[in-house]
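**Q** Can you read through this structure? Questions will come right after.
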Amino acid sequence: MKLCMIGTGYVGLVSGVCFSDLGNNVICVDKDQAKINSLKKGKIPIYEPGLEELVLKNYKNKRLSFSTDLKDSVRKSDIIFICVGTPSRKGGSGADLSQVFNVAKEIGKSINKFKIIITKSTVPVTTGDQIEKIIQKTNKKKKFSIVSNPEFLREGEAIRDFVYPDRVVVGTNDIKSNKILKTLYSPLISKGAQYLNTSRRAAELIKYASNAFLATKITFINEMANLCEKTNINIEDISIGMGLDKRIGGRFLRAGPAYGGSCFPKDTKAIINTADKFKTKLSVIKSVIKSNDNRSNLLLSRISKLLKNRLKNKKICFLGVTFKANTDDMRDSSSLTMIPILSKKGAKVSYYDPTGHKKEFNKYKNVSFENNIKDALKKSDLIVVHTEWNDFKSINFKSYLKGRKPIIFDMRNIYSPTKMKQQGFKYFGVGR
Ligand code: UGA
């Protein structure tokens with residue numbers, strides 16, 4: 001099939017490349033000329049394991065191409081995916097849909113024959129209805145169908161998530177579009193993905209409800225971890241014990257720092273905004289947001305306590321600063337809240353992250369990047385394991401620290417407390 005992905009961010013690029021790998025002809029469109037030029041040279045703007053190889057393979061096979069010409073790309077394609085960003089509105093909680101609507105206007109001017117136009121970006125309920133109205137203005141005879149097909153991939157696992165999704169959700173009442181999309185996704189369905197056809201609005205809400213529920217699961221286990229700390233219980237026993245109940249499930253029950261990334265914080269706020277518009281209370285999600293906002297302060301006060309409330313001139317080393325492993329994404333990472341506060345309180349923070357230096361910390365004095373773990377740990381009074389990169393899982397602290405015994409605060413519970421204590425470290429995790 002002939003596809004066009006508008007927006008070469010995470011969702012657009014990964015889905016476009018994966019669709020081309022399934023044998024479709026895909027044009028990835030972006031208005032950013034520099035980005036398109038570097039993609040044509042095989043340079044990938046994001047860090048995502050396995051993506052570069054797939055881009056090079058499919059670009060070489062000519063199933064994948066890159067363009068800045070939206071009109072031409074739309075005319076050449078049968079199915080158009082809108083994959084542009086939907087960030088939080090400046091100063092507000094709802095999603096900023098200006099990019100989506102601008103693209104819709106452009107598509108409207110370019111329709112030459114029947115097109116299926118799909119929102120893959122996360123968009124609030126009724127956005128599909130609004131896109132339909134925009135495109136109808138320039139296309140009186142309805143030669144198009146607007147569908148919602150949300151994406152559920154995770155950063156760092158995006159290719160695997162695309163190829164082996166739990167489900168493919170297609171929101172449309174149009175029989176023809178549904179049939180075409182079922183065929184497009186048939187290679188994934190034959191590998192076990194569930195195909196679910198719903199109304200367009202339901203598909204839009206499924207995406208937000210799923211992210212809000214996952215955020216709730218994480219927040220729930222983080223609060224349980226707080227209780228475990230007070231009652232001398234290991235949170236991992238609780239996660240396993242709860243997760244073995246098939247109605248609950250064991251995934252997304254790992255306690256840690258506040259959840260972050262480009263989706264959960266933004267989408268939980270946006271669903272509240274939608275509910276407000278429709279005069280409905282979502283009190284559970286509201287308290288999840290509040291609890292998560294408070295989590296970094298809570299972990300900061302633990303840091304302070306571990307250092308006997310004396311932060312001035314204390315050397316604190318952060319291992320990992322991204323919001324999770326296998327991504328270079330810093331958006332809404334809890335390190336962005338914690339490190340500046342520690343620096344303001346006079347601590348000297350060094351950090352190491354496998355994805356390198358982060359410009360976000362440039363403006364803070366006493367915050368420095370070290371380009372290897374050993375240098376970052378040097379002279380530290382406290383080591384904070386912030387992100388669960390594999391690179392940190394088998395650090396030989398004994399040889400790196402040469403007899404020194406700084407405090408280790410493992411916010412991701414990646415080490416065994418028994419082994420760490422046997423080696424004489426003052427070791428602390430979360431919820432245990
Ligand atoms: C999330 C969803 O998992 C995807 O299904 C969805 O498609 C995506 O948002 C999106 O809306 O585009 P992502 O933001 O890439 O994916 O990251 P996750 O793996 O879900 O992690 C989010 C945050 O939760 C991270 O800060 C992570 O460290 C934290 N987390 C996750 C925990 O603290 N504990 C867990 O058990 C799982």
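Each chain in the structure tokens gets a letter, A, B, ..., in the order shown, and its residues are numbered from 1; ligands are numbered from 1 in order too.
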Ligand 1: which residues are within 9 Å, counting only C-alpha atoms and all ligand atoms, as a ChimeraX atom specification?
**A** /A:10-11,121-122,150-158,161,207-208,210-211,214-215,217-219,221-222,250-267,322-325,327,332-334,387-388,412
**Q** I need the chosen residues saved as a compact mmCIF listing (two decimals), in the first residue's frame, with C-alpha atoms.
**A**
# COMPACT_ATOMS: atom_id res chain seq x y z
CA TYR A 10 8.98 9.18 17.48
CA VAL A 11 5.63 7.83 16.34
CA SER A 121 -0.72 11.18 17.37
CA THR A 122 -2.38 11.09 20.79
CA PRO A 150 -3.56 5.35 18.25
CA GLU A 151 -0.02 4.11 18.73
CA PHE A 152 0.98 2.26 21.91
CA LEU A 153 4.73 1.95 21.44
CA ARG A 154 7.23 2.67 24.19
CA GLU A 155 10.46 4.56 23.66
CA GLY A 156 13.42 2.22 23.77
CA GLU A 157 11.19 -0.75 22.81
CA ALA A 158 9.46 0.94 19.90
CA ASP A 161 6.19 -2.88 20.26
CA LYS A 207 -5.21 5.77 24.19
CA TYR A 208 -5.63 8.29 27.01
CA SER A 210 -4.50 3.30 28.78
CA ASN A 211 -1.74 5.79 29.57
CA LEU A 214 -0.50 2.69 33.50
CA ALA A 215 0.45 5.92 35.29
CA LYS A 217 -0.40 1.52 38.40
CA ILE A 218 3.06 3.06 38.79
CA THR A 219 1.84 5.67 41.26
CA ILE A 221 3.12 0.86 43.62
CA ASN A 222 5.23 3.94 44.46
CA GLY A 250 2.88 -7.92 37.02
CA ARG A 251 3.99 -5.28 34.50
CA PHE A 252 4.29 -1.60 35.39
CA LEU A 253 4.49 -2.43 39.07
CA ARG A 254 8.14 -1.45 39.53
CA ALA A 255 8.57 1.20 42.21
CA GLY A 256 10.97 4.00 41.40
CA PRO A 257 11.24 7.76 40.92
CA ALA A 258 8.31 9.81 39.60
CA TYR A 259 7.17 8.59 36.18
CA GLY A 260 8.25 10.87 33.36
CA GLY A 261 8.63 10.98 29.59
CA SER A 262 6.76 12.69 26.83
CA CYS A 263 3.49 10.82 27.40
CA PHE A 264 2.28 9.99 30.92
CA PRO A 265 2.66 13.49 32.45
CA LYS A 266 1.16 15.18 29.37
CA ASP A 267 -1.63 12.67 28.76
CA THR A 322 16.95 10.14 31.22
CA PHE A 323 13.36 9.33 32.25
CA LYS A 324 14.01 5.64 31.61
CA ALA A 325 16.63 3.39 30.02
CA THR A 327 16.26 6.45 25.33
CA ASP A 332 9.73 15.32 32.18
CA SER A 333 12.51 13.20 33.65
CA SER A 334 12.50 13.41 37.44
CA THR A 387 17.84 5.30 35.50
CA GLU A 388 17.88 1.53 35.10
CA ARG A 412 15.42 1.55 40.67
**Q** Using only C-alpha atoms, I'd like a table of the residues in stretch 332-409 of chain A that come within 12 Å of stretch 277-298 of chain A; for each, show the closest atom pair and its distance in Å rounded to one decimal, ordered by chain and ascending number, as a tab-separated table.
**A**
residue	atom	partner	partner_atom	distance
A:Asp332	CA	A:Asp293	CA	10.6
A:Ser333	CA	A:Ser296	CA	10.1
A:Ser334	CA	A:Ser296	CA	6.4
A:Ser335	CA	A:Ser296	CA	8.5
A:Leu336	CA	A:Ser296	CA	9.7
A:Thr337	CA	A:Ser296	CA	6.9
A:Met338	CA	A:Ser296	CA	6.4
A:Ile339	CA	A:Ser296	CA	10.2
A:Pro340	CA	A:Ser296	CA	11.7
A:Ile341	CA	A:Asn297	CA	9.4
A:Leu342	CA	A:Asn297	CA	10.9
A:His386	CA	A:Ser296	CA	11.3
**Q** Can you write just those residues out, N, CA and C atoms, as an mmCIF file, in the first residue's frame?
**A**
data_model
loop_
_atom_site.group_PDB
_atom_site.id
_atom_site.type_symbol
_atom_site.label_atom_id
_atom_site.label_comp_id
_atom_site.auth_asym_id
_atom_site.auth_seq_id
_atom_site.Cartn_x
_atom_site.Cartn_y
_atom_site.Cartn_z
ATOM 1 N N ASP A 332 10.370 15.622 30.894
ATOM 2 C CA ASP A 332 9.729 15.321 32.177
ATOM 3 C C ASP A 332 10.445 14.247 32.984
ATOM 4 N N SER A 333 11.759 14.140 32.818
ATOM 5 C CA SER A 333 12.514 13.196 33.646
ATOM 6 C C SER A 333 12.597 13.763 35.060
ATOM 7 N N SER A 334 12.477 12.894 36.071
ATOM 8 C CA SER A 334 12.501 13.410 37.445
ATOM 9 C C SER A 334 13.880 13.979 37.806
ATOM 10 N N SER A 335 14.919 13.625 37.032
ATOM 11 C CA SER A 335 16.245 14.214 37.299
ATOM 12 C C SER A 335 16.210 15.724 37.070
ATOM 13 N N LEU A 336 15.321 16.174 36.191
ATOM 14 C CA LEU A 336 15.217 17.612 35.907
ATOM 15 C C LEU A 336 14.648 18.384 37.092
ATOM 16 N N THR A 337 13.932 17.687 37.973
ATOM 17 C CA THR A 337 13.431 18.330 39.188
ATOM 18 C C THR A 337 14.477 18.195 40.286
ATOM 19 N N MET A 338 15.050 16.999 40.407
ATOM 20 C CA MET A 338 15.911 16.744 41.574
ATOM 21 C C MET A 338 17.282 17.428 41.503
ATOM 22 N N ILE A 339 17.959 17.305 40.347
ATOM 23 C CA ILE A 339 19.335 17.834 40.274
ATOM 24 C C ILE A 339 19.383 19.353 40.517
ATOM 25 N N PRO A 340 18.518 20.165 39.873
ATOM 26 C CA PRO A 340 18.592 21.612 40.138
ATOM 27 C C PRO A 340 18.367 21.964 41.610
ATOM 28 N N ILE A 341 17.465 21.246 42.288
ATOM 29 C CA ILE A 341 17.212 21.560 43.705
ATOM 30 C C ILE A 341 18.457 21.219 44.531
ATOM 31 N N LEU A 342 19.078 20.083 44.238
ATOM 32 C CA LEU A 342 20.289 19.710 44.988
ATOM 33 C C LEU A 342 21.406 20.725 44.745
ATOM 34 N N HIS A 386 19.587 6.605 39.188
ATOM 35 C CA HIS A 386 18.323 7.228 38.781
ATOM 36 C C HIS A 386 17.636 6.491 37.632
#
**Q** Extract, using only C-alpha atoms, all DNA, RNA and protein residues at most 10 Å from stretch 231-233 of chain A, discarding same-chain residues fewer than 6 positions from it, and format them as a JSON list (two decimals) with N, CA and C atoms, in the first residue's frame.
**A**
[["chain", "number", "residue", "atom", "x", "y", "z"],
["A", 224, "MET", "N", 2.76, 2.34, 47.64],
["A", 224, "MET", "CA", 2.95, 1.11, 48.45],
["A", 224, "MET", "C", 4.39, 1.02, 48.94],
["A", 225, "ALA", "N", 5.33, 1.46, 48.07],
["A", 225, "ALA", "CA", 6.75, 1.43, 48.45],
["A", 225, "ALA", "C", 6.98, 2.32, 49.68],
["A", 431, "GLY", "N", 11.35, 1.35, 48.86],
["A", 431, "GLY", "CA", 10.35, 0.39, 49.32],
["A", 431, "GLY", "C", 10.94, -0.92, 49.81],
["A", 432, "ARG", "N", 12.16, -0.87, 50.29],
["A", 432, "ARG", "CA", 12.72, -2.10, 50.87],
["A", 432, "ARG", "C", 13.85, -1.78, 51.83]]
**Q** Hey, what does DSSP flag as strand (DSSP E) within stretch 155-376 of chain A? Can you give it to me as JSON, numbers by chain?
**A** {"A": [167, 168, 169, 170, 171, 194, 195, 196, 197, 198, 315, 316, 317, 318, 319, 348, 349, 350, 351, 352, 367, 368, 369]}
**Q** Would you put the residues from that selection into a file with N, CA and C atoms, as a PDB file, in the first residue's frame?
**A**
ATOM      1  N   ARG A 167      -2.369  -5.106  20.852  1.00  0.00           N
ATOM      2  CA  ARG A 167      -3.595  -4.846  20.082  1.00  0.00           C
ATOM      3  C   ARG A 167      -3.368  -3.717  19.088  1.00  0.00           C
ATOM      4  N   VAL A 168      -4.223  -3.757  18.034  1.00  0.00           N
ATOM      5  CA  VAL A 168      -4.263  -2.661  17.067  1.00  0.00           C
ATOM      6  C   VAL A 168      -5.672  -2.102  17.173  1.00  0.00           C
ATOM      7  N   VAL A 169      -5.785  -0.830  17.518  1.00  0.00           N
ATOM      8  CA  VAL A 169      -7.111  -0.232  17.691  1.00  0.00           C
ATOM      9  C   VAL A 169      -7.408   0.677  16.498  1.00  0.00           C
ATOM     10  N   VAL A 170      -8.507   0.416  15.833  1.00  0.00           N
ATOM     11  CA  VAL A 170      -8.885   1.233  14.676  1.00  0.00           C
ATOM     12  C   VAL A 170     -10.275   1.808  14.926  1.00  0.00           C
ATOM     13  N   GLY A 171     -10.331   3.127  15.042  1.00  0.00           N
ATOM     14  CA  GLY A 171     -11.601   3.789  15.343  1.00  0.00           C
ATOM     15  C   GLY A 171     -12.234   4.366  14.098  1.00  0.00           C
ATOM     16  N   GLN A 194      -4.243  -8.512  18.557  1.00  0.00           N
ATOM     17  CA  GLN A 194      -5.712  -8.440  18.522  1.00  0.00           C
ATOM     18  C   GLN A 194      -6.085  -7.201  17.717  1.00  0.00           C
ATOM     19  N   TYR A 195      -7.014  -7.341  16.790  1.00  0.00           N
ATOM     20  CA  TYR A 195      -7.471  -6.192  16.014  1.00  0.00           C
ATOM     21  C   TYR A 195      -8.823  -5.761  16.573  1.00  0.00           C
ATOM     22  N   LEU A 196      -8.918  -4.506  16.970  1.00  0.00           N
ATOM     23  CA  LEU A 196     -10.164  -4.040  17.582  1.00  0.00           C
ATOM     24  C   LEU A 196     -10.696  -2.840  16.809  1.00  0.00           C
ATOM     25  N   ASN A 197     -11.898  -2.997  16.256  1.00  0.00           N
ATOM     26  CA  ASN A 197     -12.541  -1.882  15.555  1.00  0.00           C
ATOM     27  C   ASN A 197     -13.576  -1.258  16.492  1.00  0.00           C
ATOM     28  N   THR A 198     -13.422   0.061  16.723  1.00  0.00           N
ATOM     29  CA  THR A 198     -14.352   0.770  17.614  1.00  0.00           C
ATOM     30  C   THR A 198     -14.832   2.037  16.896  1.00  0.00           C
ATOM     31  N   LYS A 315      29.165  15.757  47.606  1.00  0.00           N
ATOM     32  CA  LYS A 315      29.309  15.319  46.204  1.00  0.00           C
ATOM     33  C   LYS A 315      28.317  14.194  45.923  1.00  0.00           C
ATOM     34  N   ILE A 316      27.376  14.518  45.042  1.00  0.00           N
ATOM     35  CA  ILE A 316      26.337  13.533  44.721  1.00  0.00           C
ATOM     36  C   ILE A 316      26.486  13.128  43.257  1.00  0.00           C
ATOM     37  N   CYS A 317      26.519  11.821  43.020  1.00  0.00           N
ATOM     38  CA  CYS A 317      26.679  11.348  41.640  1.00  0.00           C
ATOM     39  C   CYS A 317      25.383  10.701  41.160  1.00  0.00           C
ATOM     40  N   PHE A 318      24.869  11.165  40.038  1.00  0.00           N
ATOM     41  CA  PHE A 318      23.668  10.553  39.437  1.00  0.00           C
ATOM     42  C   PHE A 318      24.102   9.577  38.338  1.00  0.00           C
ATOM     43  N   LEU A 319      23.688   8.335  38.458  1.00  0.00           N
ATOM     44  CA  LEU A 319      23.909   7.384  37.367  1.00  0.00           C
ATOM     45  C   LEU A 319      22.609   7.332  36.558  1.00  0.00           C
ATOM     46  N   LYS A 348      27.331  19.327  45.132  1.00  0.00           N
ATOM     47  CA  LYS A 348      28.059  19.280  43.855  1.00  0.00           C
ATOM     48  C   LYS A 348      27.626  18.000  43.152  1.00  0.00           C
ATOM     49  N   VAL A 349      26.930  18.171  42.029  1.00  0.00           N
ATOM     50  CA  VAL A 349      26.361  16.985  41.366  1.00  0.00           C
ATOM     51  C   VAL A 349      27.161  16.641  40.116  1.00  0.00           C
ATOM     52  N   SER A 350      27.584  15.375  40.043  1.00  0.00           N
ATOM     53  CA  SER A 350      28.159  14.900  38.786  1.00  0.00           C
ATOM     54  C   SER A 350      27.192  13.859  38.249  1.00  0.00           C
ATOM     55  N   TYR A 351      27.131  13.725  36.932  1.00  0.00           N
ATOM     56  CA  TYR A 351      26.233  12.708  36.391  1.00  0.00           C
ATOM     57  C   TYR A 351      26.862  12.028  35.190  1.00  0.00           C
ATOM     58  N   TYR A 352      26.457  10.786  35.022  1.00  0.00           N
ATOM     59  CA  TYR A 352      26.864  10.044  33.835  1.00  0.00           C
ATOM     60  C   TYR A 352      25.607   9.433  33.231  1.00  0.00           C
ATOM     61  N   VAL A 367      26.924  21.476  38.601  1.00  0.00           N
ATOM     62  CA  VAL A 367      26.420  20.247  37.967  1.00  0.00           C
ATOM     63  C   VAL A 367      27.324  19.937  36.779  1.00  0.00           C
ATOM     64  N   SER A 368      27.946  18.758  36.781  1.00  0.00           N
ATOM     65  CA  SER A 368      28.874  18.465  35.690  1.00  0.00           C
ATOM     66  C   SER A 368      28.656  17.067  35.129  1.00  0.00           C
ATOM     67  N   PHE A 369      28.913  16.957  33.829  1.00  0.00           N
ATOM     68  CA  PHE A 369      28.798  15.650  33.166  1.00  0.00           C
ATOM     69  C   PHE A 369      30.170  14.983  33.147  1.00  0.00           C
TER      70      PHE A 369
END
**Q** Tell me, which residues of stretch 276-432 of chain A carry DSSP alpha helix (DSSP H), written as a tab-separated table (two decimals) with N, CA and C atoms, in the first residue's frame?
**A**
chain	number	residue	atom	x	y	z
A	276	ASP	N	-13.00	17.81	32.18
A	276	ASP	CA	-13.53	19.10	32.63
A	276	ASP	C	-14.48	19.68	31.58
A	277	LYS	N	-14.05	19.57	30.30
A	277	LYS	CA	-14.89	20.10	29.21
A	277	LYS	C	-16.24	19.42	29.20
A	283	SER	N	-11.44	11.81	39.50
A	283	SER	CA	-10.70	12.08	40.73
A	283	SER	C	-9.50	11.15	40.92
A	284	VAL	N	-9.58	9.93	40.41
A	284	VAL	CA	-8.44	9.01	40.57
A	284	VAL	C	-7.23	9.57	39.83
A	285	ILE	N	-7.44	9.95	38.57
A	285	ILE	CA	-6.30	10.45	37.77
A	285	ILE	C	-5.76	11.75	38.36
A	286	LYS	N	-6.67	12.57	38.89
A	286	LYS	CA	-6.24	13.84	39.52
A	286	LYS	C	-5.28	13.53	40.67
A	287	SER	N	-5.61	12.53	41.48
A	287	SER	CA	-4.72	12.29	42.62
A	287	SER	C	-3.44	11.59	42.19
A	288	VAL	N	-3.50	10.86	41.07
A	288	VAL	CA	-2.26	10.26	40.53
A	288	VAL	C	-1.28	11.38	40.16
A	289	ILE	N	-1.79	12.40	39.48
A	289	ILE	CA	-0.93	13.52	39.06
A	289	ILE	C	-0.30	14.18	40.29
A	290	LYS	N	-1.13	14.39	41.30
A	290	LYS	CA	-0.65	15.06	42.51
A	290	LYS	C	0.42	14.21	43.21
A	291	SER	N	0.14	12.93	43.33
A	291	SER	CA	1.08	12.04	44.01
A	291	SER	C	2.40	11.99	43.24
A	292	ASN	N	2.31	11.91	41.92
A	292	ASN	CA	3.55	11.83	41.12
A	292	ASN	C	4.34	13.14	41.20
A	293	ASP	N	3.61	14.27	41.20
A	293	ASP	CA	4.29	15.57	41.32
A	293	ASP	C	5.05	15.65	42.64
A	294	ASN	N	4.51	15.00	43.65
A	294	ASN	CA	5.11	15.07	44.97
A	294	ASN	C	6.26	14.08	45.17
A	295	ARG	N	6.35	13.12	44.25
A	295	ARG	CA	7.31	12.01	44.45
A	295	ARG	C	8.77	12.50	44.46
A	296	SER	N	9.10	13.44	43.58
A	296	SER	CA	10.50	13.90	43.55
A	296	SER	C	10.87	14.59	44.86
A	297	ASN	N	9.93	15.36	45.43
A	297	ASN	CA	10.21	16.01	46.73
A	297	ASN	C	10.44	14.97	47.81
A	298	LEU	N	9.63	13.93	47.75
A	298	LEU	CA	9.76	12.87	48.74
A	298	LEU	C	11.14	12.19	48.66
A	299	LEU	N	11.57	11.90	47.40
A	299	LEU	CA	12.88	11.26	47.24
A	299	LEU	C	14.01	12.23	47.58
A	300	LEU	N	13.76	13.53	47.33
A	300	LEU	CA	14.78	14.53	47.71
A	300	LEU	C	14.94	14.59	49.22
A	301	SER	N	13.81	14.47	49.93
A	301	SER	CA	13.97	14.53	51.40
A	301	SER	C	14.66	13.27	51.91
A	302	ARG	N	14.51	12.15	51.18
A	302	ARG	CA	15.27	10.96	51.59
A	302	ARG	C	16.77	11.17	51.36
A	303	ILE	N	17.11	11.82	50.22
A	303	ILE	CA	18.52	12.11	49.94
A	303	ILE	C	19.08	12.97	51.07
A	304	SER	N	18.30	13.98	51.42
A	304	SER	CA	18.73	14.92	52.45
A	304	SER	C	18.97	14.17	53.78
A	305	LYS	N	18.05	13.30	54.11
A	305	LYS	CA	18.15	12.53	55.35
A	305	LYS	C	19.38	11.62	55.34
A	306	LEU	N	19.62	10.99	54.17
A	306	LEU	CA	20.79	10.09	54.06
A	306	LEU	C	22.09	10.86	54.29
A	335	SER	N	14.92	13.63	37.03
A	335	SER	CA	16.25	14.21	37.30
A	335	SER	C	16.21	15.72	37.07
A	336	LEU	N	15.32	16.17	36.19
A	336	LEU	CA	15.22	17.61	35.91
A	336	LEU	C	14.65	18.38	37.09
A	337	THR	N	13.93	17.69	37.97
A	337	THR	CA	13.43	18.33	39.19
A	337	THR	C	14.48	18.20	40.29
A	338	MET	N	15.05	17.00	40.41
A	338	MET	CA	15.91	16.74	41.57
A	338	MET	C	17.28	17.43	41.50
A	339	ILE	N	17.96	17.30	40.35
A	339	ILE	CA	19.33	17.83	40.27
A	339	ILE	C	19.38	19.35	40.52
A	340	PRO	N	18.52	20.17	39.87
A	340	PRO	CA	18.59	21.61	40.14
A	340	PRO	C	18.37	21.96	41.61
A	341	ILE	N	17.47	21.25	42.29
A	341	ILE	CA	17.21	21.56	43.70
A	341	ILE	C	18.46	21.22	44.53
A	342	LEU	N	19.08	20.08	44.24
A	342	LEU	CA	20.29	19.71	44.99
A	342	LEU	C	21.41	20.73	44.74
A	343	SER	N	21.50	21.18	43.48
A	343	SER	CA	22.54	22.17	43.17
A	343	SER	C	22.28	23.48	43.91
A	344	LYS	N	21.00	23.89	43.94
A	344	LYS	CA	20.66	25.14	44.65
A	344	LYS	C	20.96	25.03	46.13
A	373	ILE	N	31.65	6.14	33.92
A	373	ILE	CA	31.08	5.88	35.24
A	373	ILE	C	32.12	6.13	36.34
A	374	LYS	N	33.35	5.69	36.06
A	374	LYS	CA	34.40	5.78	37.08
A	374	LYS	C	34.64	7.23	37.52
A	375	ASP	N	34.76	8.13	36.53
A	375	ASP	CA	34.99	9.54	36.87
A	375	ASP	C	33.79	10.15	37.59
A	376	ALA	N	32.59	9.72	37.19
A	376	ALA	CA	31.40	10.28	37.84
A	376	ALA	C	31.35	9.89	39.32
A	377	LEU	N	31.82	8.68	39.61
A	377	LEU	CA	31.75	8.20	41.00
A	377	LEU	C	32.83	8.79	41.90
A	397	PHE	N	31.59	-1.80	42.04
A	397	PHE	CA	31.79	-0.62	42.90
A	397	PHE	C	33.10	-0.72	43.68
A	398	LYS	N	33.40	-1.94	44.11
A	398	LYS	CA	34.59	-2.14	44.96
A	398	LYS	C	35.83	-1.63	44.24
A	399	SER	N	35.96	-2.03	42.95
A	399	SER	CA	37.19	-1.63	42.26
A	399	SER	C	37.13	-0.15	41.85
A	400	TYR	N	35.95	0.36	41.51
A	400	TYR	CA	35.84	1.77	41.14
A	400	TYR	C	36.07	2.70	42.33
A	401	LEU	N	35.62	2.27	43.50
A	401	LEU	CA	35.64	3.20	44.65
A	401	LEU	C	36.89	3.07	45.49
A	417	PRO	N	20.26	-6.00	47.91
A	417	PRO	CA	20.65	-5.36	49.16
A	417	PRO	C	21.62	-6.24	49.96
A	418	THR	N	21.41	-7.56	49.92
A	418	THR	CA	22.28	-8.45	50.69
A	418	THR	C	23.72	-8.34	50.18
A	419	LYS	N	23.88	-8.45	48.84
A	419	LYS	CA	25.25	-8.41	48.28
A	419	LYS	C	25.91	-7.07	48.56
A	420	MET	N	25.14	-5.99	48.44
A	420	MET	CA	25.73	-4.67	48.65
A	420	MET	C	26.17	-4.52	50.11
A	421	LYS	N	25.33	-5.02	51.00
A	421	LYS	CA	25.67	-4.89	52.42
A	421	LYS	C	26.87	-5.78	52.76
A	422	GLN	N	26.93	-6.97	52.12
A	422	GLN	CA	28.09	-7.86	52.34
A	422	GLN	C	29.39	-7.16	51.96
**Q** Have a look at A:Ile383, A:Ala270, A:Leu188, A:Ile27 and name the one nearest to A:Arg63; count only C-alpha atoms.
**A**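 Smallest separation from A:Arg63 among the options: A:Ile27.
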**Q** Have a look at A:Ala212, A:Ile82, A:Cys4, A:Ile111 and name the one nearest to A:Ser148; count only C-alpha atoms.
**A**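 Residue with the minimum atom-to-atom distance to A:Ser148: A:Ile82.
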**Q** From the list A:Ser186, A:Asn313, A:Asn102, A:Thr68, which residue is nearest A:Gly85 when using only C-alpha atoms?
**A**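 Of A:Ser186, A:Asn313, A:Asn102, A:Thr68, the one nearest A:Gly85, counting only C-alpha atoms, is A:Asn102.
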**Q** Rank nothing, just name the residue among A:Thr268, A:Val430, A:Ser190, A:Asn25 nearest to A:Glu229, using only C-alpha atoms.
**A**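 The shortest atom-to-atom distance to A:Glu229 comes from A:Val430.
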**Q** Between atom CA of A:Lys109 and atom CA of A:Asn178, what is the spacing in Å?
**A** 24.2 Å
**Q** Please provide the set of residues having any atom within 8 Å of A:Gly128, restricted to only C-alpha atoms, with same-chain residues fewer than 2 positions apart removed, written as number ranges by chain.
**A** A: 119, 125-126, 130-132, 146-148, 200-201
**Q** Keeping N, CA and C atoms for every residue in the selection just given, could you write it to a file as a PDB file, in the first residue's frame?
**A**
ATOM      1  N   THR A 119      -5.371   9.680  12.478  1.00  0.00           N
ATOM      2  CA  THR A 119      -4.575  10.305  13.540  1.00  0.00           C
ATOM      3  C   THR A 119      -3.886   9.193  14.313  1.00  0.00           C
ATOM      4  N   VAL A 125     -10.455  13.238  22.688  1.00  0.00           N
ATOM      5  CA  VAL A 125     -11.751  12.837  22.141  1.00  0.00           C
ATOM      6  C   VAL A 125     -12.396  14.008  21.402  1.00  0.00           C
ATOM      7  N   THR A 126     -12.907  13.761  20.249  1.00  0.00           N
ATOM      8  CA  THR A 126     -13.578  14.695  19.319  1.00  0.00           C
ATOM      9  C   THR A 126     -12.600  15.377  18.349  1.00  0.00           C
ATOM     10  N   GLN A 130     -13.303  17.202  14.569  1.00  0.00           N
ATOM     11  CA  GLN A 130     -12.860  18.548  14.156  1.00  0.00           C
ATOM     12  C   GLN A 130     -12.042  18.484  12.871  1.00  0.00           C
ATOM     13  N   ILE A 131     -11.198  17.445  12.747  1.00  0.00           N
ATOM     14  CA  ILE A 131     -10.402  17.287  11.517  1.00  0.00           C
ATOM     15  C   ILE A 131     -11.349  17.090  10.333  1.00  0.00           C
ATOM     16  N   GLU A 132     -12.387  16.300  10.556  1.00  0.00           N
ATOM     17  CA  GLU A 132     -13.361  16.036   9.483  1.00  0.00           C
ATOM     18  C   GLU A 132     -13.972  17.357   8.989  1.00  0.00           C
ATOM     19  N   ILE A 146     -11.946   9.829   7.960  1.00  0.00           N
ATOM     20  CA  ILE A 146     -11.051  10.174   9.081  1.00  0.00           C
ATOM     21  C   ILE A 146     -11.125   9.051  10.129  1.00  0.00           C
ATOM     22  N   VAL A 147      -9.975   8.513  10.451  1.00  0.00           N
ATOM     23  CA  VAL A 147      -9.905   7.344  11.337  1.00  0.00           C
ATOM     24  C   VAL A 147      -8.963   7.648  12.506  1.00  0.00           C
ATOM     25  N   SER A 148      -9.242   7.062  13.656  1.00  0.00           N
ATOM     26  CA  SER A 148      -8.283   7.157  14.774  1.00  0.00           C
ATOM     27  C   SER A 148      -7.598   5.804  14.934  1.00  0.00           C
ATOM     28  N   ARG A 200     -14.709   6.084  16.359  1.00  0.00           N
ATOM     29  CA  ARG A 200     -13.516   6.942  16.330  1.00  0.00           C
ATOM     30  C   ARG A 200     -13.241   7.546  17.711  1.00  0.00           C
ATOM     31  N   ARG A 201     -14.290   8.030  18.349  1.00  0.00           N
ATOM     32  CA  ARG A 201     -14.106   8.648  19.668  1.00  0.00           C
ATOM     33  C   ARG A 201     -13.594   7.626  20.689  1.00  0.00           C
TER      34      ARG A 201
END
**Q** Looking at A:Ser15, A:Ser65, A:Asn226, A:Asn273, which one is nearest to A:Asp96, with distances taken over only C-alpha atoms?
**A** A:Asn273
**Q** Which residues come within 12 Å of A:Ser98, counting only C-alpha atoms, excluding same-chain residues fewer than 3 positions away, as a PyMOL selection string?
**A** chain A and resi 84-90+94-95+101-105+123+127+130-131
**Q** Can you tell me, as a ChimeraX atom specification, what residues are no more than 10 Å from A:Leu64 when counting only C-alpha atoms, ignoring any on the same chain fewer than 4 positions away?
**A** /A:3-4,16-21,23-28,40,54-60
**Q** Could you pull the residues within 9 Å of A:Asn112, counting only C-alpha atoms, minus those fewer than 6 positions along the same chain, as number ranges by chain?
**A** A: 74-75, 143
